[in-house]
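*Asks:* Got run.txt for you, compact mmCIF, C-alpha atoms:
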```
# COMPACT_ATOMS: atom_id res chain seq x y z
CA MET R 1 0.00 0.00 0.00
CA GLY R 2 2.76 2.44 1.12
CA GLY R 3 4.88 1.31 -1.88
CA ASN R 4 2.05 2.16 -4.30
CA VAL R 5 1.79 5.64 -2.89
CA ILE R 6 5.51 6.23 -3.39
CA VAL R 7 5.38 4.89 -6.99
CA SER R 8 2.34 7.08 -7.75
CA ALA R 9 4.07 10.10 -6.27
CA LEU R 10 7.21 9.38 -8.31
CA VAL R 11 5.21 8.94 -11.53
CA GLY R 12 3.35 12.17 -10.80
CA ALA R 13 6.57 14.04 -10.10
CA ILE R 14 8.22 12.73 -13.29
CA ALA R 15 5.12 13.58 -15.34
CA ALA R 16 5.07 17.08 -13.88
CA LEU R 17 8.78 17.44 -14.66
CA LEU R 18 8.28 16.29 -18.27
CA VAL R 19 5.36 18.68 -18.75
CA ASP R 20 7.46 21.49 -17.34
CA LEU R 21 10.39 20.60 -19.62
CA GLY R 22 8.06 20.45 -22.62
CA LYS R 23 6.58 23.82 -21.74
CA ARG R 24 10.03 25.34 -21.42
CA LYS R 25 11.10 23.89 -24.75
CA ILE R 26 8.00 25.25 -26.49
CA ALA R 27 8.46 28.59 -24.77
CA ARG R 28 12.09 28.71 -25.88
CA ARG R 29 11.07 27.92 -29.47
CA PHE R 30 8.39 30.64 -29.40
CA ASP R 31 10.85 33.00 -27.80
CA ARG R 32 13.42 32.31 -30.56
CA ALA R 33 10.76 32.77 -33.25
CA SER R 34 9.48 36.00 -31.77
CA ARG R 35 13.03 37.31 -31.36
CA LEU R 36 13.68 36.54 -35.05
CA GLU R 37 10.44 38.29 -36.05
CA ALA R 38 11.31 41.29 -33.90
CA ARG R 39 14.76 41.48 -35.50
CA ARG R 40 13.23 41.31 -38.98
CA ASP R 41 10.75 44.04 -38.11
CA GLU R 42 13.56 46.22 -36.84
CA ASP R 43 15.61 45.62 -40.04
CA LEU R 44 12.58 46.57 -42.15
CA ARG R 45 11.98 49.68 -40.05
CA LEU R 46 15.59 50.76 -40.58
CA ILE R 47 15.34 50.11 -44.33
CA GLN R 48 12.28 52.39 -44.46
CA VAL R 49 13.79 55.13 -42.30
CA VAL R 50 17.16 55.23 -44.06
CA THR R 51 15.61 54.98 -47.54
CA PHE R 52 13.57 58.11 -46.81
CA GLU R 53 16.65 59.80 -45.36
CA VAL R 54 18.49 59.09 -48.61
CA ARG R 55 15.51 60.32 -50.60
CA ASP R 56 15.58 63.64 -48.72
CA LEU R 57 19.34 64.02 -49.06
CA ALA R 58 19.35 63.06 -52.74
CA THR R 59 16.45 65.30 -53.75
CA ASP R 60 18.18 68.23 -51.98
CA TYR R 61 21.41 67.28 -53.75
CA TRP R 62 19.84 67.24 -57.21
CA ALA R 63 17.66 70.30 -56.59
CA GLU R 64 20.64 72.64 -56.51
CA VAL R 65 24.44 72.70 -56.76
CA MET R 66 25.96 73.58 -53.41
CA GLU R 67 29.38 74.74 -52.22
CA PRO R 68 32.00 72.07 -53.09
CA ALA R 69 32.54 71.03 -49.46
CA THR R 70 28.79 70.74 -48.78
CA ASP R 71 28.30 68.95 -52.08
CA GLN R 72 30.96 66.36 -51.24
CA LYS R 73 29.56 65.87 -47.75
CA ALA R 74 26.08 65.29 -49.15
CA ALA R 75 27.41 62.84 -51.76
CA ALA R 76 29.27 60.88 -49.07
CA ALA R 77 26.17 60.78 -46.86
CA ILE R 78 24.09 59.42 -49.74
CA VAL R 79 26.61 56.74 -50.75
CA GLY R 80 27.17 55.66 -47.14
CA ARG R 81 23.47 55.32 -46.43
CA LEU R 82 22.82 53.46 -49.69
CA MET R 83 25.48 50.98 -48.61
CA PHE R 84 23.81 50.63 -45.22
CA ILE R 85 20.42 49.88 -46.82
CA SER R 86 22.11 47.31 -49.07
CA ARG R 87 23.62 45.54 -46.08
CA LEU R 88 20.31 45.50 -44.24
CA ILE R 89 18.56 44.03 -47.28
CA ASP R 90 21.23 41.35 -47.71
CA GLU R 91 21.00 40.39 -44.05
CA LEU R 92 17.20 40.47 -43.83
CA PHE R 93 16.67 38.34 -46.93
CA ASP R 94 19.73 36.13 -46.55
CA GLY R 95 18.96 32.67 -47.95
CA ASN R 96 15.92 33.85 -49.94
CA ASP R 97 17.58 34.21 -53.33
CA ARG R 98 14.50 35.16 -55.35
CA MET R 99 13.45 37.87 -52.92
CA LEU R 100 17.01 39.12 -52.70
CA ARG R 101 17.35 39.32 -56.48
CA ARG R 102 14.11 41.28 -56.72
CA LEU R 103 15.15 43.68 -53.98
CA HIS R 104 18.60 44.14 -55.54
CA GLU R 105 16.81 45.27 -58.69
CA GLU R 106 14.72 47.81 -56.75
CA MET R 107 17.74 48.90 -54.73
CA ASN R 108 19.76 49.41 -57.91
CA GLU R 109 16.94 51.46 -59.45
CA PHE R 110 16.94 53.66 -56.37
CA ASP R 111 20.74 53.87 -56.36
CA VAL R 112 20.87 54.83 -60.04
CA SER R 113 18.24 57.52 -59.56
CA CYS R 114 20.33 58.99 -56.70
CA THR R 115 23.92 58.53 -57.92
CA ALA R 116 23.88 58.33 -61.73
CA GLY R 117 24.60 61.21 -64.13
CA ASP R 118 27.28 63.53 -62.85
CA PHE R 119 26.86 62.51 -59.22
CA GLY R 120 30.04 63.37 -57.34
CA GLY R 121 31.19 65.49 -60.29
CA LYS R 122 32.39 69.06 -60.21
CA GLY R 123 30.41 70.07 -63.29
CA ARG R 124 27.03 68.69 -62.34
CA VAL R 125 23.86 70.70 -62.84
CA PRO R 126 20.53 70.47 -60.95
CA SER R 127 18.22 67.78 -62.28
CA PRO R 128 14.47 67.92 -61.54
CA ASP R 129 14.06 64.66 -63.52
CA GLN R 130 16.38 62.88 -61.13
CA CYS R 131 14.39 64.27 -58.16
CA ARG R 132 11.21 62.79 -59.60
CA SER R 133 12.87 59.47 -60.18
CA ILE R 134 14.28 59.42 -56.63
CA GLU R 135 10.81 59.91 -55.13
CA ILE R 136 9.32 57.11 -57.20
CA THR R 137 12.09 54.57 -56.69
CA ALA R 138 12.31 55.27 -52.94
CA TYR R 139 8.64 54.41 -52.43
CA THR R 140 8.89 51.40 -54.73
CA LEU R 141 11.85 50.07 -52.76
CA VAL R 142 10.11 50.54 -49.40
CA HIS R 143 6.91 48.96 -50.67
CA GLN R 144 8.75 46.01 -52.14
CA ALA R 145 10.80 45.46 -48.97
CA SER R 146 7.64 45.54 -46.80
CA SER R 147 5.84 43.16 -49.09
CA MET R 148 8.75 40.70 -49.20
CA ARG R 149 9.25 40.89 -45.44
CA ARG R 150 5.62 39.78 -44.92
CA ARG R 151 6.40 36.72 -47.03
CA LEU R 152 9.42 35.71 -44.97
CA LYS R 153 8.82 32.43 -43.17
CA MET L 154 46.61 35.00 -66.90
CA THR L 155 44.12 36.22 -64.32
CA THR L 156 45.10 39.10 -62.09
CA SER L 157 43.20 40.37 -59.11
CA ILE L 158 42.28 44.01 -58.66
CA ASN L 159 40.97 44.97 -55.26
CA ILE L 160 39.38 48.38 -55.78
CA ALA L 161 39.50 49.42 -52.12
CA ARG L 162 43.10 48.28 -51.64
CA ASP L 163 44.64 49.04 -55.03
CA TYR L 164 42.75 52.16 -56.05
CA SER L 165 40.51 53.89 -53.53
CA ARG L 166 38.37 53.02 -50.55
CA TYR L 167 36.12 55.90 -51.60
CA PRO L 168 35.50 55.52 -55.33
CA GLY L 169 33.43 58.35 -56.76
CA GLY L 170 33.05 60.82 -59.59
CA ARG L 171 33.52 60.31 -63.32
CA TYR L 172 36.39 62.47 -64.42
CA PRO L 173 39.89 63.20 -63.11
CA GLN L 174 38.80 66.73 -62.18
CA ASP L 175 36.20 65.16 -59.85
CA GLY L 176 39.03 64.05 -57.58
CA ALA L 177 40.87 60.95 -56.42
CA GLY L 178 38.82 57.80 -56.84
CA ASN L 179 37.21 58.85 -60.12
CA GLY L 180 35.96 56.34 -62.71
CA THR L 181 38.07 57.52 -65.66
CA THR L 182 41.41 57.07 -63.91
CA PHE L 183 40.41 53.66 -62.63
CA ARG L 184 39.36 52.61 -66.12
CA GLU L 185 42.54 53.89 -67.79
CA ASP L 186 45.00 52.60 -65.19
CA PHE L 187 43.44 49.29 -64.21
CA LEU L 188 40.76 48.04 -66.60
CA LEU L 189 41.88 49.16 -70.03
CA PRO L 190 45.28 47.39 -69.97
CA ILE L 191 43.55 44.10 -69.07
CA VAL L 192 41.00 44.28 -71.91
CA ARG L 193 43.60 45.51 -74.43
CA ARG L 194 45.88 42.56 -73.68
CA GLY L 195 42.95 40.15 -73.91
CA GLU L 196 43.57 39.04 -70.32
CA THR L 197 41.13 38.46 -67.51
CA ALA L 198 40.96 39.87 -63.99
CA ASP L 199 39.07 39.34 -60.79
CA ILE L 200 37.63 42.64 -59.63
CA VAL L 201 37.16 42.60 -55.87
CA LEU L 202 34.37 44.99 -54.92
CA ASP L 203 34.42 44.26 -51.17
CA GLY L 204 35.90 46.75 -48.77
CA ALA L 205 35.01 50.05 -50.42
CA ALA L 206 32.75 52.59 -48.72
CA GLY L 207 30.30 52.21 -51.61
CA TYR L 208 30.06 52.62 -55.36
CA PRO L 209 28.14 55.54 -56.87
CA SER L 210 26.55 54.60 -60.20
CA SER L 211 28.43 57.43 -61.93
CA PHE L 212 31.75 55.79 -61.00
CA LEU L 213 30.71 52.27 -62.07
CA ASP L 214 29.25 53.49 -65.32
CA GLU L 215 32.29 55.58 -66.24
CA ALA L 216 34.78 52.88 -65.30
CA PHE L 217 33.18 49.83 -66.91
CA ALA L 218 30.70 51.05 -69.52
CA GLY L 219 33.32 53.63 -70.52
CA LEU L 220 35.30 50.78 -72.09
CA VAL L 221 32.43 50.33 -74.56
CA ARG L 222 31.71 54.04 -75.07
CA LYS L 223 35.24 55.37 -75.32
CA TYR L 224 37.14 52.42 -76.79
CA GLY L 225 34.56 50.47 -78.74
CA PHE L 226 34.96 47.14 -76.98
CA THR L 227 31.79 45.09 -77.15
CA PRO L 228 29.84 44.51 -73.93
CA ASP L 229 30.71 40.81 -74.19
CA GLN L 230 34.42 41.57 -74.48
CA VAL L 231 34.26 43.70 -71.36
CA LEU L 232 32.17 41.30 -69.32
CA ARG L 233 34.30 38.31 -70.36
CA ALA L 234 37.42 40.11 -69.18
CA PHE L 235 36.24 40.58 -65.61
CA ARG L 236 34.94 38.35 -62.87
CA PHE L 237 33.43 40.29 -60.02
CA VAL L 238 34.01 39.25 -56.42
CA ALA L 239 31.46 40.56 -53.92
CA THR L 240 31.22 38.49 -50.78
CA GLN L 241 30.43 41.07 -48.10
CA PRO L 242 26.79 41.87 -47.32
CA GLY L 243 25.62 44.80 -49.42
CA PHE L 244 28.06 44.35 -52.29
CA GLY L 245 26.33 41.62 -54.31
CA ARG L 246 23.91 43.99 -56.01
CA PHE L 247 26.74 45.91 -57.70
CA VAL L 248 27.51 42.98 -60.01
CA PRO L 249 24.20 43.07 -61.95
CA LEU L 250 24.37 46.86 -61.87
CA ILE L 251 27.78 46.90 -63.60
CA GLU L 252 26.58 44.31 -66.10
CA ALA L 253 23.51 46.42 -66.89
CA PHE L 254 25.64 49.54 -67.43
CA VAL L 255 28.02 47.67 -69.75
CA ARG L 256 25.22 45.98 -71.71
CA SER L 257 23.36 49.24 -72.30
CA ALA L 258 26.45 51.16 -73.45
CA THR L 259 27.17 51.90 -77.10
CA PRO L 260 30.34 53.33 -78.63
CA GLU L 261 30.43 57.11 -78.95
CA LYS L 262 30.04 58.55 -82.43
CA ASP L 263 33.69 58.65 -83.47
CA VAL L 264 34.71 55.39 -81.77
CA ALA L 265 35.09 52.31 -83.96
CA ARG L 266 34.06 48.95 -82.57
CA VAL L 267 36.97 46.72 -81.55
CA ARG L 268 36.66 43.29 -83.16
```
Starting from the file, give its structure as C-alpha cells.
*Replies:*
Amino acid sequence: MGGNVIVSALVGAIAALLVDLGKRKIARRFDRASRLEARRDEDLRLIQVVTFEVRDLATDYWAEVMEPATDQKAAAAIVGRLMFISRLIDELFDGNDRMLRRLHEEMNEFDVSCTAGDFGGKGRVPSPDQCRSIEITAYTLVHQASSMRRRLK
Amino acid sequence: MTTSINIARDYSRYPGGRYPQDGAGNGTTFREDFLLPIVRRGETADIVLDGAAGYPSSFLDEAFAGLVRKYGFTPDQVLRAFRFVATQPGFGRFVPLIEAFVRSATPEKDVARVR
C-alpha cells in the first residue's frame, strides 16, 4: 500500500517534470521565433527610415548645386546610407535568393536615380528629372521590402 | 593569366566621380590605369568589390561602360574580361548593376568597334 503511494508520487513528479520541460522547450522555441520576427521588423523599419533619409538628401542634392565642401559631404552621406540599406537588405533576406534578387533590382533602381549622371562630379547641374525618379524609386523600394518581409517564413 | 584588382586596396576606398577633375577615386582614372590594360591585352581579372565605402553609379558606369563608349569594346568583351568578387553583405547587387551599365552602353560617335 505504502509502496504504491511512493510509486504514484514518483510517476506524478516525473510527469510534472516532463510537462514542465516540454513547456520550457515550447516557450524557448516561441521566444526564438518572436526574437527573429522582432529582429526582422527592426531591419525593415531601418530600411524604411534610411531609404527616406536618402531620398531627402538626394532630392536636396539634385535640386541645386551647393558649395563644393557641402556637395561632397552630401554625396558621401548618400553613398554611405545606400550601402547601409544594401547591407540591411542582404541580411534580412539572406537565404531567400529570389526575394534578394528582386530587392537588388529595386535597390539598384533607387541607387541609379540617386547617384547616376554627374553625381560626385564638379560640373554637375541640378536635375528635376532625377528628383522625380528618386521619389518614385524610394517608395517602390520601401513597398517592395515591406511586401517581401511579410512573405518571410 | 588572371590578375586580381581589389578596388578598395589598389585604387581607392572611396570611389566616386567620373572624371579626373572630380578628384581621387574617379571612374576615368580607374578605367585607364586598371581596366583598359587588361582588356587591351585580352587578359582576364578578378575585380574585388568588397571593402570600399560604396560605389556611386556614376563611378561604375564611367569605369566599366566607358570601355564600350570610349574604346569600342563590345559589352561581351568587357564582361568576359572581368569576374566580379562581392562576398560582403551589401556588395552583391553591384555585379548586376555593372553588367547592366556595360550591356546598355554603345560606342560614342567617333569610336570604332573593336573586333
*Asks:* Using only C-alpha atoms, find the one residue out of L:Lys262, L:Arg166, L:Arg171, L:Arg184 that sits nearest to chain R.
*Replies:*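 Checking each of L:Lys262, L:Arg166, L:Arg171, L:Arg184 against chain R, counting only C-alpha atoms, the winner is L:Arg171.
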*Asks:* Hey, which of L:Ala218, L:Ala253, L:Ala206, L:Ala234 ends up closest to Ser86 (chain R)? Count only C-alpha atoms.
*Replies:*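 The closest residue to Ser86 (chain R) is L:Ala206.
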*Asks:* Work out how far apart CA of Asn96 (chain R) and CA of Arg151 (chain R) are and give it in Å to one decimal.
*Replies:*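 If I compute the distance from CA of Asn96 (chain R) to CA of Arg151 (chain R), I get 10.4 Å.
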*Asks:* To one decimal place in Å, what is the distance between CA of Tyr172 (chain L) and CA of Lys122 (chain R)?
*Replies:*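 Value for the CA of Tyr172 (chain L)-CA of Lys122 (chain R) distance: 8.8 Å.
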*Asks:* Hey, list the chain R side of the contact with chain L: 6 Å cut-off, all atoms listed in the file, answer as a list in words.
*Replies:* Val79, Met83, Ser86, Arg87, Asp90, His104, Val112, Thr115, Ala116, Gly117, Phe119, Gly120, Gly121 and Lys122 of chain R
*Asks:* With all atoms listed in the file as the atoms that count, which of R:Leu82, R:Ala145, R:Ala138, R:Leu57 lies nearest to Leu100 (chain R)?
*Replies:*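 Using all atoms listed in the file, Leu100 (chain R) sits closest to R:Ala145.
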*Asks:* What does the distance from CA of Asp163 (chain L) to CA of Val248 (chain L) come to in Å, to one decimal?
*Replies:* 18.8 Å
*Asks:* Can you pull out the residues contacting Met66 (chain R)? Cut-off 12 Å, using all atoms listed in the file, and skip same-chain residues under 4 positions away; I want them as number ranges by chain.
*Replies:* R: 60-62, 70-75, 120-126
*Asks:* Measuring between only C-alpha atoms, which one of L:Phe183, L:Phe235, L:Tyr164, L:Tyr224 shows the shortest distance to Ile251 (chain L)?
*Replies:*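 Smallest separation from Ile251 (chain L) among the options: L:Phe235.
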*Asks:* Taking (38.7, 36.0, -61.2) in the file's own coordinates, collect the residues within 10 Å, counting only C-alpha atoms, and hand them back as a list in words.
*Replies:*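 The requested residues, written out, are Met154, Thr155, Thr156, Ser157, Ile158, Thr197, Ala198, Asp199, Ile200, Val201, Ala234, Phe235, Arg236, Phe237 and Val238 of chain L.
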*Asks:* When you count all atoms listed in the file, which of these residues is closest to Val264 (chain L): L:Val231, L:Ala239, L:Gly225, L:Phe217?
*Replies:*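 Between L:Val231, L:Ala239, L:Gly225, L:Phe217, the residue approaching Val264 (chain L) most closely is L:Gly225.
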*Asks:* Enclose region 110-118 of chain R, meaning all of its atoms listed in the file, in a box aligned along x, y and z, pad it by 3 Å on each side, and list the centre and edge lengths in Å to one decimal, as JSON.
*Replies:*
```
{"center_x": 22.1, "center_y": 58.6, "center_z": -60.2, "size_x": 16.3, "size_y": 15.9, "size_z": 13.8}
```
*Asks:* Which residue, R:Val11, R:Leu103, R:Ala69, R:Leu36, has the smallest gap to Lys153 (chain R) when you use only C-alpha atoms?
*Replies:* R:Leu36
*Asks:* What would the list of residues within 6 Å of (29.6, 54.8, -76.4) (file frame) look like as a ChimeraX atom specification, if only C-alpha atoms are what count?
*Replies:* /L:221-223,258-261
